[in-house]
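Peer 1: My structure is in input-v9.cif, and what it holds is mmCIF, C-alpha atoms:
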data_structure
loop_
_atom_site.label_atom_id
_atom_site.label_comp_id
_atom_site.auth_asym_id
_atom_site.auth_seq_id
_atom_site.Cartn_x
_atom_site.Cartn_y
_atom_site.Cartn_z
CA MET A 176 -68.25 -49.13 -20.92
CA ASP A 177 -65.43 -46.66 -21.45
CA LEU A 178 -63.80 -46.45 -18.00
CA LYS A 179 -61.29 -43.84 -19.15
CA LYS A 180 -64.12 -41.55 -20.26
CA LEU A 181 -65.89 -41.98 -16.92
CA PHE A 182 -62.66 -41.26 -15.03
CA LYS A 183 -62.03 -38.17 -17.17
CA GLU A 184 -65.51 -36.85 -16.41
CA TYR A 185 -64.84 -37.35 -12.70
CA TYR A 186 -61.54 -35.46 -12.82
CA ALA A 187 -63.22 -32.69 -14.83
CA ARG A 188 -65.60 -31.88 -11.99
CA ARG A 189 -63.61 -32.96 -8.91
CA LYS A 190 -60.67 -30.80 -7.82
CA ILE A 191 -58.22 -32.81 -5.76
CA PHE A 192 -56.28 -31.00 -3.05
CA VAL A 193 -52.86 -31.95 -1.66
CA ASP A 194 -51.07 -29.87 0.94
CA ALA A 195 -47.47 -28.94 0.03
CA VAL A 196 -48.04 -30.41 -3.43
CA GLU A 197 -44.77 -28.94 -4.74
CA ARG A 198 -42.80 -30.95 -2.14
CA ARG A 199 -44.35 -34.32 -3.00
CA GLU A 200 -43.23 -37.06 -5.35
CA PHE A 201 -45.94 -38.69 -7.46
CA GLY A 202 -46.18 -42.03 -9.21
CA VAL A 203 -48.68 -43.08 -11.87
CA SER A 204 -49.71 -46.03 -13.98
CA PHE A 205 -51.65 -46.20 -17.22
CA HIS A 206 -52.13 -49.97 -17.05
CA ILE A 207 -54.87 -51.48 -14.91
CA ASP A 208 -52.70 -54.36 -13.70
CA LYS A 209 -49.81 -52.24 -12.40
CA LYS A 210 -50.08 -49.70 -9.55
CA ILE A 211 -46.93 -47.64 -10.28
CA GLU A 212 -44.96 -47.67 -13.54
CA GLU A 213 -43.67 -44.08 -13.57
CA ARG A 214 -42.50 -42.09 -10.55
CA HIS A 215 -40.30 -39.10 -9.62
CA ILE A 216 -43.06 -36.88 -11.01
CA SER A 217 -43.77 -33.53 -9.36
CA PHE A 218 -46.26 -30.69 -9.73
CA ARG A 219 -45.74 -27.02 -8.97
CA SER A 220 -49.35 -26.34 -8.00
CA ILE A 221 -52.75 -27.88 -7.33
CA GLU A 222 -53.90 -26.60 -10.70
CA GLU A 223 -51.05 -28.38 -12.49
CA LEU A 224 -51.87 -31.63 -10.68
CA ASN A 225 -55.57 -31.46 -11.55
CA ASN A 226 -54.85 -30.54 -15.16
CA TYR A 227 -52.57 -33.57 -15.40
CA LEU A 228 -55.29 -35.87 -14.06
CA TYR A 229 -57.84 -34.51 -16.52
CA GLN A 230 -55.53 -34.55 -19.54
CA ASN A 231 -53.80 -37.88 -18.91
CA VAL A 232 -56.33 -39.89 -16.84
CA PRO A 233 -54.03 -42.44 -15.16
CA TYR A 234 -55.55 -45.64 -13.81
CA TYR A 235 -53.63 -45.07 -10.60
CA ILE A 236 -51.91 -42.12 -8.99
CA SER A 237 -49.97 -42.22 -5.72
CA TYR A 238 -48.02 -39.61 -3.83
CA SER A 239 -45.27 -39.56 -1.24
CA ALA A 240 -45.86 -39.33 2.47
CA ALA A 241 -42.50 -37.57 2.42
CA TYR A 242 -41.62 -33.98 1.57
CA TYR A 243 -38.55 -33.19 -0.55
CA ASN A 244 -36.66 -30.15 -1.78
CA TYR A 245 -36.40 -31.73 -5.23
CA PRO A 246 -39.14 -34.39 -5.55
CA SER A 247 -38.60 -35.04 -9.29
CA LEU A 248 -34.92 -35.97 -8.94
CA PRO A 249 -33.58 -39.51 -8.27
CA MET A 250 -34.00 -40.65 -4.67
CA GLU A 251 -30.45 -39.86 -3.59
CA LYS A 252 -30.79 -36.25 -4.78
CA LYS A 253 -34.30 -35.42 -3.55
CA GLU A 254 -33.18 -33.99 -0.15
CA TRP A 255 -35.69 -35.55 2.25
CA LEU A 256 -37.36 -33.00 4.58
CA GLY A 257 -39.65 -35.25 6.59
CA ALA A 258 -42.58 -37.65 6.21
CA GLU A 259 -46.10 -38.11 7.50
CA LEU A 260 -46.82 -41.20 9.57
CA ILE A 261 -48.99 -43.48 7.45
CA PHE A 262 -50.85 -46.73 8.06
CA ASP A 263 -52.23 -49.07 5.41
CA LEU A 264 -55.06 -51.40 6.49
CA ASP A 265 -56.21 -54.06 4.03
CA ALA A 266 -59.00 -56.58 4.61
CA ASN A 267 -56.96 -59.14 2.69
CA ASP A 268 -54.48 -59.22 5.59
CA LEU A 269 -57.18 -60.26 8.06
CA ASN A 270 -57.20 -63.74 6.49
CA LEU A 271 -60.86 -64.33 7.31
CA GLU A 272 -62.60 -67.49 6.13
CA CYS A 273 -64.59 -65.51 3.55
CA LYS A 274 -61.32 -64.89 1.69
CA ASN A 275 -61.49 -68.53 0.57
CA ILE A 276 -64.79 -67.71 -1.13
CA HIS A 277 -64.08 -64.41 -2.88
CA GLY A 278 -60.28 -64.47 -3.14
CA SER A 279 -57.67 -61.92 -2.15
CA GLU A 280 -58.57 -59.33 -4.81
CA ASN A 281 -62.19 -58.90 -3.74
CA ILE A 282 -64.13 -57.98 -0.63
CA CYS A 283 -67.46 -58.93 0.97
CA SER A 284 -69.67 -57.35 3.60
CA LYS A 285 -68.11 -59.48 6.36
CA CYS A 286 -64.48 -58.52 5.76
CA PHE A 287 -65.44 -54.92 4.94
CA GLN A 288 -67.10 -54.64 8.35
CA ALA A 289 -64.09 -56.32 9.95
CA ILE A 290 -61.58 -53.90 8.41
CA LYS A 291 -63.72 -50.96 9.56
CA GLU A 292 -63.53 -52.32 13.10
CA GLU A 293 -59.75 -52.57 12.82
CA ALA A 294 -59.64 -48.99 11.53
CA LEU A 295 -61.57 -47.85 14.61
CA LYS A 296 -59.11 -49.71 16.84
CA LEU A 297 -56.20 -47.97 15.16
CA LEU A 298 -57.92 -44.61 15.53
CA ASP A 299 -58.39 -45.31 19.24
CA PHE A 300 -54.67 -46.06 19.62
CA LEU A 301 -53.64 -42.91 17.76
CA ILE A 302 -55.84 -40.61 19.83
CA TYR A 303 -55.80 -42.14 23.32
CA ASP A 304 -52.43 -43.90 23.44
CA PHE A 305 -50.26 -41.61 21.32
CA GLY A 306 -52.14 -38.40 22.02
CA PHE A 307 -52.58 -37.22 18.44
CA LYS A 308 -55.27 -34.62 17.90
CA LYS A 309 -58.19 -35.53 15.69
CA GLU A 310 -57.35 -32.72 13.30
CA GLU A 311 -53.86 -34.21 12.84
CA ILE A 312 -55.34 -37.48 11.52
CA SER A 313 -56.83 -37.91 8.06
CA VAL A 314 -58.37 -41.10 6.70
CA ASN A 315 -59.34 -42.21 3.24
CA PHE A 316 -60.73 -45.38 1.73
CA SER A 317 -57.96 -47.19 -0.14
CA GLY A 318 -60.20 -47.57 -3.18
CA ASN A 319 -60.52 -51.34 -2.90
CA ARG A 320 -60.37 -53.29 0.39
CA GLY A 321 -59.21 -51.03 3.22
CA PHE A 322 -58.20 -47.67 4.62
CA HIS A 323 -55.19 -45.38 4.68
CA PHE A 324 -54.38 -43.26 7.75
CA HIS A 325 -52.16 -40.17 7.59
CA VAL A 326 -50.84 -38.49 10.73
CA LYS A 327 -49.18 -35.13 10.37
CA ASN A 328 -47.60 -32.89 12.99
CA GLU A 329 -44.17 -31.32 13.39
CA GLU A 330 -42.86 -33.95 15.80
CA ILE A 331 -43.85 -36.82 13.53
CA LEU A 332 -42.27 -35.51 10.35
CA LYS A 333 -38.65 -36.20 11.32
CA LEU A 334 -39.19 -39.62 12.91
CA SER A 335 -36.67 -42.24 11.74
CA ASN A 336 -37.56 -45.64 10.32
CA TYR A 337 -36.59 -47.15 13.68
CA ALA A 338 -38.96 -44.85 15.61
CA ARG A 339 -41.79 -45.68 13.22
CA ARG A 340 -41.13 -49.39 13.76
CA GLU A 341 -41.36 -48.81 17.51
CA ILE A 342 -44.84 -47.36 16.98
CA CYS A 343 -45.81 -50.48 15.00
CA ASP A 344 -44.40 -52.66 17.78
CA TYR A 345 -46.63 -50.92 20.31
CA LEU A 346 -49.68 -51.28 18.06
CA SER A 347 -49.04 -55.00 17.67
CA GLY A 348 -48.27 -55.50 21.36
CA ASN A 349 -44.77 -56.69 20.51
CA GLY A 350 -43.01 -57.52 23.80
CA LEU A 351 -46.19 -57.49 25.85
CA GLU A 352 -46.91 -60.82 27.53
CA PHE A 353 -49.66 -62.36 29.64
CA GLU A 354 -47.68 -61.47 32.79
CA ASN A 355 -47.87 -57.78 31.87
CA PHE A 356 -51.64 -57.88 32.31
CA PHE A 357 -52.49 -60.64 34.80
CA TYR A 358 -51.30 -61.65 38.27
CA GLU A 359 -52.57 -63.82 41.12
CA LEU A 360 -53.25 -62.84 44.72
CA PRO A 361 -54.45 -65.06 47.59
CA ALA A 362 -58.16 -64.83 48.29
CA THR A 363 -59.24 -63.59 51.72
CA ASN A 364 -59.40 -66.45 54.27
CA SER A 365 -58.58 -69.00 51.58
CA ARG A 366 -55.63 -70.79 50.06
CA GLN A 367 -57.15 -70.23 46.65
CA LYS A 368 -55.55 -67.61 44.42
CA ILE A 369 -57.61 -65.06 42.51
CA LEU A 370 -56.55 -64.03 39.01
CA HIS A 371 -56.47 -60.25 38.69
CA GLY A 372 -56.20 -58.40 35.40
CA PRO A 373 -56.91 -55.18 33.54
CA LYS A 374 -59.92 -52.95 34.24
CA PRO A 375 -61.82 -51.01 31.56
CA SER A 376 -60.72 -47.75 33.18
CA ASP A 377 -57.02 -48.59 32.70
CA TYR A 378 -54.95 -46.79 30.08
CA GLY A 379 -53.31 -48.31 27.01
CA TRP A 380 -53.37 -51.99 26.18
CA ARG A 381 -54.80 -52.91 29.62
CA GLY A 382 -57.97 -50.90 29.16
CA LYS A 383 -58.33 -52.04 25.57
CA LEU A 384 -58.19 -55.71 26.51
CA ALA A 385 -60.73 -55.27 29.32
CA ASN A 386 -63.15 -53.32 27.13
CA LEU A 387 -62.78 -55.75 24.24
CA PHE A 388 -63.71 -58.62 26.52
CA LEU A 389 -66.67 -56.75 28.07
CA ASN A 390 -67.98 -55.80 24.62
CA SER A 391 -67.76 -59.44 23.56
CA LEU A 392 -69.99 -60.71 26.38
CA ASP A 393 -73.04 -60.00 24.19
CA SER A 394 -72.89 -63.47 22.67
CA VAL A 395 -71.07 -66.78 22.77
CA ASP A 396 -69.96 -66.34 19.16
CA LYS A 397 -68.29 -63.00 19.94
CA LEU A 398 -66.39 -64.59 22.82
CA VAL A 399 -65.24 -67.43 20.57
CA GLU A 400 -64.16 -64.88 17.96
CA ILE A 401 -61.79 -63.19 20.44
CA GLY A 402 -60.21 -66.51 21.37
CA ILE A 403 -62.32 -68.00 24.20
CA PRO A 404 -63.04 -71.76 23.79
CA ARG A 405 -66.75 -72.31 23.15
CA GLN A 406 -67.44 -74.33 26.29
CA GLU A 407 -65.90 -71.66 28.53
CA ALA A 408 -67.53 -68.92 26.42
CA GLN A 409 -70.92 -70.46 27.20
CA LYS A 410 -70.20 -70.32 30.95
CA LEU A 411 -69.08 -66.71 30.76
CA PHE A 412 -72.12 -65.71 28.72
CA GLU A 413 -74.57 -67.38 31.11
CA LYS A 414 -73.05 -65.49 34.07
CA LYS A 415 -72.17 -62.34 32.15
CA GLU A 416 -73.56 -59.88 34.72
CA MET A 417 -71.40 -61.41 37.45
CA VAL A 418 -68.41 -61.53 35.07
CA LYS A 419 -68.87 -57.84 34.16
CA LEU A 420 -68.94 -56.87 37.82
CA GLY A 421 -65.66 -58.70 38.39
CA ILE A 422 -63.89 -57.22 35.36
CA MET A 423 -64.91 -53.70 36.42
CA GLN A 424 -62.94 -54.34 39.62
CA GLY A 425 -60.09 -56.16 37.93
CA ASN A 426 -61.20 -59.62 39.11
CA TRP A 427 -61.04 -62.08 36.18
CA ASP A 428 -61.88 -65.02 38.41
CA MET A 429 -65.56 -64.46 39.18
CA ILE A 430 -66.39 -67.56 37.15
CA LYS A 431 -64.06 -70.51 37.65
CA LEU A 432 -62.67 -71.72 34.37
CA ARG A 433 -60.60 -74.80 33.73
CA ASN A 434 -57.09 -73.88 32.49
CA LYS A 435 -57.85 -70.22 33.16
CA LYS A 436 -54.25 -69.04 32.68
CA LYS A 437 -54.04 -70.78 29.32
CA ILE A 438 -57.36 -69.28 28.20
CA TRP A 439 -56.48 -65.70 29.09
CA LYS A 440 -52.96 -66.05 27.73
CA GLU A 441 -54.32 -67.15 24.36
CA PHE A 442 -56.84 -64.28 24.52
CA VAL A 443 -53.99 -61.76 24.92
CA GLU A 444 -51.94 -63.35 22.14
CA LYS A 445 -54.84 -63.36 19.69
CA GLN A 446 -55.48 -59.64 20.10
CA LYS A 447 -51.81 -58.82 19.53
CA ILE A 448 -51.58 -60.98 16.43
CA LYS A 449 -54.74 -59.58 14.84
CA LEU A 450 -53.64 -55.94 14.87
CA LYS A 451 -50.10 -56.90 13.87
CA GLU A 452 -51.41 -58.64 10.76
CA THR A 453 -53.78 -55.82 9.86
CA VAL A 454 -51.31 -52.89 9.86
CA ASP A 455 -48.76 -53.17 7.06
CA THR A 456 -45.54 -52.38 8.94
CA ASN A 457 -43.53 -52.05 5.73
CA VAL A 458 -45.69 -49.12 4.65
CA THR A 459 -45.44 -47.33 8.00
CA ILE A 460 -41.67 -47.53 8.41
CA ASP A 461 -40.86 -46.61 4.80
CA THR A 462 -40.28 -42.84 4.77
CA SER A 463 -40.16 -42.73 0.95
CA ARG A 464 -43.31 -44.79 0.35
CA LEU A 465 -45.83 -43.73 -2.28
CA ILE A 466 -49.46 -44.25 -1.29
CA ARG A 467 -52.72 -43.72 -3.17
CA LEU A 468 -53.69 -40.09 -3.63
CA PRO A 469 -56.86 -39.39 -1.59
CA ASP A 470 -59.95 -38.74 -3.71
CA SER A 471 -58.30 -40.20 -6.82
CA ILE A 472 -59.70 -43.27 -8.60
CA HIS A 473 -58.49 -46.81 -8.02
CA GLY A 474 -58.28 -48.26 -11.51
CA GLY A 475 -58.74 -51.85 -10.37
CA SER A 476 -62.13 -51.13 -8.80
CA ALA A 477 -63.26 -47.84 -10.41
CA LEU A 478 -63.96 -46.63 -6.87
CA ILE A 479 -62.79 -43.36 -5.33
CA ALA A 480 -60.11 -43.40 -2.63
CA LYS A 481 -62.48 -41.13 -0.80
CA LYS A 482 -61.55 -39.02 2.20
CA ILE A 483 -63.62 -39.89 5.26
CA ASP A 484 -64.42 -37.90 8.37
CA ILE A 485 -62.88 -39.93 11.21
CA SER A 486 -66.21 -39.82 13.07
CA LYS A 487 -67.94 -41.57 10.15
CA ILE A 488 -65.68 -44.58 9.54
CA GLN A 489 -68.23 -47.00 10.97
CA ASP A 490 -70.96 -45.66 8.66
CA PHE A 491 -68.84 -45.68 5.51
CA SER A 492 -70.09 -48.01 2.78
CA LEU A 493 -68.71 -49.07 -0.57
CA LYS A 494 -71.53 -47.13 -2.22
CA ASP A 495 -70.06 -43.93 -0.77
CA ALA A 496 -66.98 -44.49 -2.96
CA VAL A 497 -68.86 -44.96 -6.25
CA ILE A 498 -68.31 -42.41 -9.02
CA TYR A 499 -71.56 -40.45 -8.97
CA SER A 500 -73.88 -40.55 -11.97
CA LYS A 501 -77.60 -40.03 -12.37
CA GLU A 502 -77.69 -42.57 -15.20
CA THR A 503 -78.40 -46.28 -14.92
CA ILE A 504 -77.30 -49.06 -17.22
CA LYS A 505 -78.22 -52.70 -17.84
CA VAL A 506 -75.30 -55.11 -17.73
CA ASN A 507 -74.87 -58.86 -17.91
CA VAL A 508 -72.61 -59.90 -15.05
CA ASP A 509 -71.08 -63.17 -13.93
CA VAL A 510 -70.59 -62.60 -10.19
CA PRO A 511 -67.97 -64.94 -8.67
CA TYR A 512 -69.49 -64.85 -5.15
CA ASP A 513 -72.57 -63.56 -3.31
CA PHE A 514 -72.13 -59.79 -3.35
CA ASP A 515 -74.07 -57.33 -1.17
CA LEU A 516 -71.95 -54.20 -0.77
CA PHE A 517 -73.86 -51.62 -2.82
CA GLY A 518 -77.14 -51.79 -0.96
CA TYR A 519 -78.56 -54.67 -2.97
CA ARG A 520 -77.73 -58.35 -3.17
CA LEU A 521 -76.31 -60.22 -6.13
CA ARG A 522 -76.09 -63.96 -6.09
CA LYS A 523 -73.17 -65.89 -7.49
CA GLY A 524 -73.55 -66.60 -11.20
CA LYS A 525 -74.77 -64.96 -14.40
CA GLN A 526 -77.55 -62.40 -14.33
CA GLU A 527 -78.74 -59.19 -15.96
CA ILE A 528 -79.00 -56.21 -13.64
CA GLU A 529 -79.76 -52.53 -13.94
CA VAL A 530 -77.44 -50.41 -11.80
CA GLY A 531 -76.00 -46.94 -11.61
CA VAL A 532 -73.15 -46.19 -13.98
CA GLY A 533 -70.75 -45.94 -11.04
CA GLU A 534 -71.65 -49.42 -9.77
CA ALA A 535 -71.44 -50.80 -13.30
CA ALA A 536 -67.93 -49.35 -13.56
CA TYR A 537 -66.94 -51.47 -10.55
CA PHE A 538 -68.17 -54.64 -12.27
CA PHE A 539 -66.35 -53.68 -15.49
CA ALA A 540 -63.11 -52.96 -13.63
CA LYS A 541 -63.38 -56.29 -11.81
CA GLY A 542 -63.96 -58.12 -15.08
CA TRP A 543 -67.41 -59.41 -14.12
CA VAL A 544 -69.29 -58.02 -17.13
CA LYS A 545 -69.72 -60.58 -19.89
#
Translate the structure described by the file into structure tokens.

Peer 2:
Amino acid sequence: MDLKKLFKEYYARRKIFVDAVERREFGVSFHIDKKIEERHISFRSIEELNNYLYQNVPYYISYSAAYYNYPSLPMEKKEWLGAELIFDLDANDLNLECKNIHGSENICSKCFQAIKEEALKLLDFLIYDFGFKKEEISVNFSGNRGFHFHVKNEEILKLSNYARREICDYLSGNGLEFENFFYELPATNSRQKILHGPKPSDYGWRGKLANLFLNSLDSVDKLVEIGIPRQEAQKLFEKKEMVKLGIMQGNWDMIKLRNKKKIWKEFVEKQKIKLKETVDTNVTIDTSRLIRLPDSIHGGSALIAKKIDISKIQDFSLKDAVIYSKETIKVNVDVPYDFDLFGYRLRKGKQEIEVGVGEAAYFFAKGWVK
């Protein structure tokens, strides 16, 4: 399969739009194993950008979150005007057990679902904690294993690296401790102390922790996944209606648990760590970072870094990012792990399959076609 030809056909029919294109720096690569090999490129118009993509067909193209007076000049002469706030979420950073099966360069249905859930958490923070409007937030698939978020408004553009790090610190719960969320009060007519904590109606991290716990009461496995020891998770699950009633009122002591403070402290810590590992802080604080151009092709997967309506993140599938073609093709593949992300299942090993040209391009780009 000629990937370059397929990419060229895509760029021939798909016009890519970038706001303030003349103020952006671009970087490209014509080698599949390198994301950026040339940068300090600029375009005077959308038409010039799209003509470049069609004529040159890079494997990768990225653009700056920043705006410059002179984007094609060396960094010290560009004259920085401001930068969008960006977030890079990659399933590889979740370090799930499935990574040991498919490696860090690939993705499976489990980690793809997990990174979508992290994307929804980030979206919740951006809207309800930071107060950004939905129309100020754009999201696109990264083209391989995750999502890129862009936030743009006038107040954000001039934020310093330090201010952007502060935002990351809040997202990761940096500085927030167990004592910020839980406290003990004496029970009525008893020497026993009742552990009180966040309610689902609370704002910020408090409400998020309470709602996460309530949503995990569906099963023992979900409780274990958020950090509750299995034995205690079983108790909570068996009395979940009573537990829910208590949490709604801020009472986290409806069911007596051994080492309760230790359990809830570890629960808080686990939630902080998970989001901290998912959001690439280095990308967010770097005001000169280049990031994949939305709706361009990721050369390492032959998938589109497709823009996504923020209301449809949960429904997004890998098939939605395939280069469209009516044609099908038979290919002999050697799949390195059980793969079920395109709406059908492939088992590990060699097999002949008939798939759409866009899906076949993914297998070619990954090196699975023999």

Peer 1: On this structure, the PyMOL selection byres ((chain A and resi 278-292) around 10) would catch which residues? List them as a short mmCIF file (atom, residue, chain, number, x, y, z; two decimals) with C-alpha atoms, in the coordinates of the input, sorted by chain and number.

Peer 2:
data_model
loop_
_atom_site.label_atom_id
_atom_site.label_comp_id
_atom_site.auth_asym_id
_atom_site.auth_seq_id
_atom_site.Cartn_x
_atom_site.Cartn_y
_atom_site.Cartn_z
CA LEU A 264 -55.06 -51.40 6.49
CA ASP A 265 -56.21 -54.06 4.03
CA ALA A 266 -59.00 -56.58 4.61
CA ASN A 267 -56.96 -59.14 2.69
CA ASP A 268 -54.48 -59.22 5.59
CA LEU A 269 -57.18 -60.26 8.06
CA ASN A 270 -57.20 -63.74 6.49
CA LEU A 271 -60.86 -64.33 7.31
CA GLU A 272 -62.60 -67.49 6.13
CA CYS A 273 -64.59 -65.51 3.55
CA LYS A 274 -61.32 -64.89 1.69
CA ASN A 275 -61.49 -68.53 0.57
CA ILE A 276 -64.79 -67.71 -1.13
CA HIS A 277 -64.08 -64.41 -2.88
CA GLU A 293 -59.75 -52.57 12.82
CA ALA A 294 -59.64 -48.99 11.53
CA LEU A 295 -61.57 -47.85 14.61
CA LYS A 296 -59.11 -49.71 16.84
CA LEU A 297 -56.20 -47.97 15.16
CA LEU A 298 -57.92 -44.61 15.53
CA ASN A 319 -60.52 -51.34 -2.90
CA ARG A 320 -60.37 -53.29 0.39
CA GLY A 321 -59.21 -51.03 3.22
CA PHE A 322 -58.20 -47.67 4.62
CA THR A 453 -53.78 -55.82 9.86
CA GLY A 475 -58.74 -51.85 -10.37
CA SER A 476 -62.13 -51.13 -8.80
CA ILE A 488 -65.68 -44.58 9.54
CA GLN A 489 -68.23 -47.00 10.97
CA ASP A 490 -70.96 -45.66 8.66
CA PHE A 491 -68.84 -45.68 5.51
CA SER A 492 -70.09 -48.01 2.78
CA LEU A 493 -68.71 -49.07 -0.57
CA PRO A 511 -67.97 -64.94 -8.67
CA TYR A 512 -69.49 -64.85 -5.15
CA ASP A 513 -72.57 -63.56 -3.31
CA PHE A 514 -72.13 -59.79 -3.35
CA ASP A 515 -74.07 -57.33 -1.17
CA LEU A 516 -71.95 -54.20 -0.77
CA PHE A 517 -73.86 -51.62 -2.82
CA LYS A 541 -63.38 -56.29 -11.81
#

Peer 1: Could you jot down the atom CA of A:Phe324 to atom CA of A:Pro375 separation for me, Å, one decimal place?

Peer 2: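 Distance between the two atoms: 26.1 Å.
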
Peer 1: With all atoms listed in the file as the atoms that count, which of A:Ser204, A:Thr459, A:Gln230, A:Ser317 lies nearest to A:Ala480?

Peer 2: A:Ser317

Peer 1: For the file shown, what are the residues hit by the PyMOL selection byres ((chain A and resi 376-393) around 7), laid out as an MDAnalysis selection string?

Peer 2: chainID A and resid 304 356 373:375 394 397:398 412 415 419

Peer 1: Go through A:Val458, A:Ile483, A:Leu351, A:Ile236 one by one, measure the shortest atom-to-atom distance of each to A:Val443 using all atoms listed in the file, and give the residue with the smallest value.

Peer 2: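 Closest to A:Val443 of all the choices is A:Leu351.
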
Peer 1: For A:Glu213, which residue among A:Cys343, A:Val454, A:Leu411, A:Leu465 is the nearest when counting all atoms listed in the file?

Peer 2: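 Among the listed residues, the smallest separation from A:Glu213 belongs to A:Leu465.
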
Peer 1: Grab the atom CA of A:Lys183 to atom CA of A:Val232 distance for me, in Å with one decimal place.

Peer 2: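 So the two atoms, atom CA of A:Lys183 and atom CA of A:Val232, lie 6.0 Å apart.
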
Peer 1: If the PyMOL selection byres ((chain A and resi 469) around 7) were run on this exact file, what residues would it hold? Put them as a list in words.

Peer 2: Asn315, Arg467, Leu468, Asp470, Ser471, Ala480, Lys481 and Lys482 of chain A

Peer 1: When you look at A:Lys209 with a cut-off of 12 Å (counting all atoms listed in the file), what residues show up, excluding the ones that are within fewer than 2 positions of it in the same chain? I need them as a PyMOL selection string.

Peer 2: chain A and resi 202-207+211-213+233-236+473-475

Peer 1: Check the smallest atom-to-atom distance from each of A:Glu352, A:Asp495, A:Asp344, A:Asp509 to A:Glu444 using all atoms listed in the file, then report the winner.

Peer 2: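 Closest to A:Glu444 of all the choices is A:Glu352.
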
Peer 1: Identify, on the basis of all atoms listed in the file, every residue whose closest approach to A:Thr462 does not exceed 10 Å; exclude the query and any residue fewer than 2 positions from it along the same chain; express the result as a VMD selection string.

Peer 2: chain A and resid 239 to 242 255 257 to 261 332 to 336 339 457 to 460 464 to 465

Peer 1: Using all atoms listed in the file, which of the listed residues (A:Glu200, A:Met176, A:Leu370, A:Phe353) sits closest to A:Ile504?

Peer 2: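 For A:Ile504, the nearest of the given residues is A:Met176.
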
Peer 1: Go ahead and compute the interatomic distance for atom CA of A:His325 and atom CA of A:Ile312, in Å to one decimal.

Peer 2: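 Going from atom CA of A:His325 over to atom CA of A:Ile312 covers 5.7 Å.
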
Peer 1: Looking at A:Lys494, A:Lys445, A:Lys431, A:Arg188, which one is nearest to A:Gln367, with distances taken over all atoms listed in the file?

Peer 2: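 Counting all atoms listed in the file, the residue closest to A:Gln367 is A:Lys431.
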
Peer 1: Env of A:Glu222: 10 Å cut, atoms = all atoms listed in the file, seq-sep filter 5 positions within chain, self excluded. Answer as a VMD selection string.

Peer 2: chain A and resid 190 to 192 227 to 228

Peer 1: Just the residues within 12 Å of A:Tyr499, please, counting all atoms listed in the file, with nothing from its chain fewer than 6 positions along; format it as an mmCIF file with C-alpha atoms, in the frame of the given file.

Peer 2:
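The resulting file, part-v4.cif, is reproduced below:
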data_model
loop_
_atom_site.group_PDB
_atom_site.id
_atom_site.type_symbol
_atom_site.label_atom_id
_atom_site.label_comp_id
_atom_site.auth_asym_id
_atom_site.auth_seq_id
_atom_site.Cartn_x
_atom_site.Cartn_y
_atom_site.Cartn_z
ATOM 1 C CA LEU A 181 -65.890 -41.980 -16.920
ATOM 2 C CA PHE A 182 -62.660 -41.260 -15.030
ATOM 3 C CA GLU A 184 -65.510 -36.850 -16.410
ATOM 4 C CA TYR A 185 -64.840 -37.350 -12.700
ATOM 5 C CA TYR A 186 -61.540 -35.460 -12.820
ATOM 6 C CA ARG A 188 -65.600 -31.880 -11.990
ATOM 7 C CA ARG A 189 -63.610 -32.960 -8.910
ATOM 8 C CA ALA A 477 -63.260 -47.840 -10.410
ATOM 9 C CA LEU A 478 -63.960 -46.630 -6.870
ATOM 10 C CA ILE A 479 -62.790 -43.360 -5.330
ATOM 11 C CA VAL A 530 -77.440 -50.410 -11.800
ATOM 12 C CA GLY A 531 -76.000 -46.940 -11.610
ATOM 13 C CA VAL A 532 -73.150 -46.190 -13.980
ATOM 14 C CA GLY A 533 -70.750 -45.940 -11.040
ATOM 15 C CA GLU A 534 -71.650 -49.420 -9.770
ATOM 16 C CA ALA A 535 -71.440 -50.800 -13.300
ATOM 17 C CA ALA A 536 -67.930 -49.350 -13.560
#

Peer 1: Kindly provide, as AutoDock Vina command-line options, the centre and edge lengths (Å, one decimal) of an axis-aligned box around all atoms of stretch 392-402 of chain A given in the file, with 5 Å on each side.

Peer 2:
--center_x -66.6 --center_y -63.7 --center_z 22.2 --size_x 22.8 --size_y 17.4 --size_z 18.4

Peer 1: Need to verify the contact set: A:Asn426, 7 Å, all atoms listed in the file, exclusion of same-chain residues closer than 4 positions in sequence. Can you return it as a tab-separated table (two decimals) with C-alpha atoms, in the frame of the given file?

Peer 2:
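The result, written out as part_8.tsv:
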chain	number	residue	atom	x	y	z
A	370	LEU	CA	-56.55	-64.03	39.01
A	371	HIS	CA	-56.47	-60.25	38.69
A	372	GLY	CA	-56.20	-58.40	35.40
A	421	GLY	CA	-65.66	-58.70	38.39
A	422	ILE	CA	-63.89	-57.22	35.36
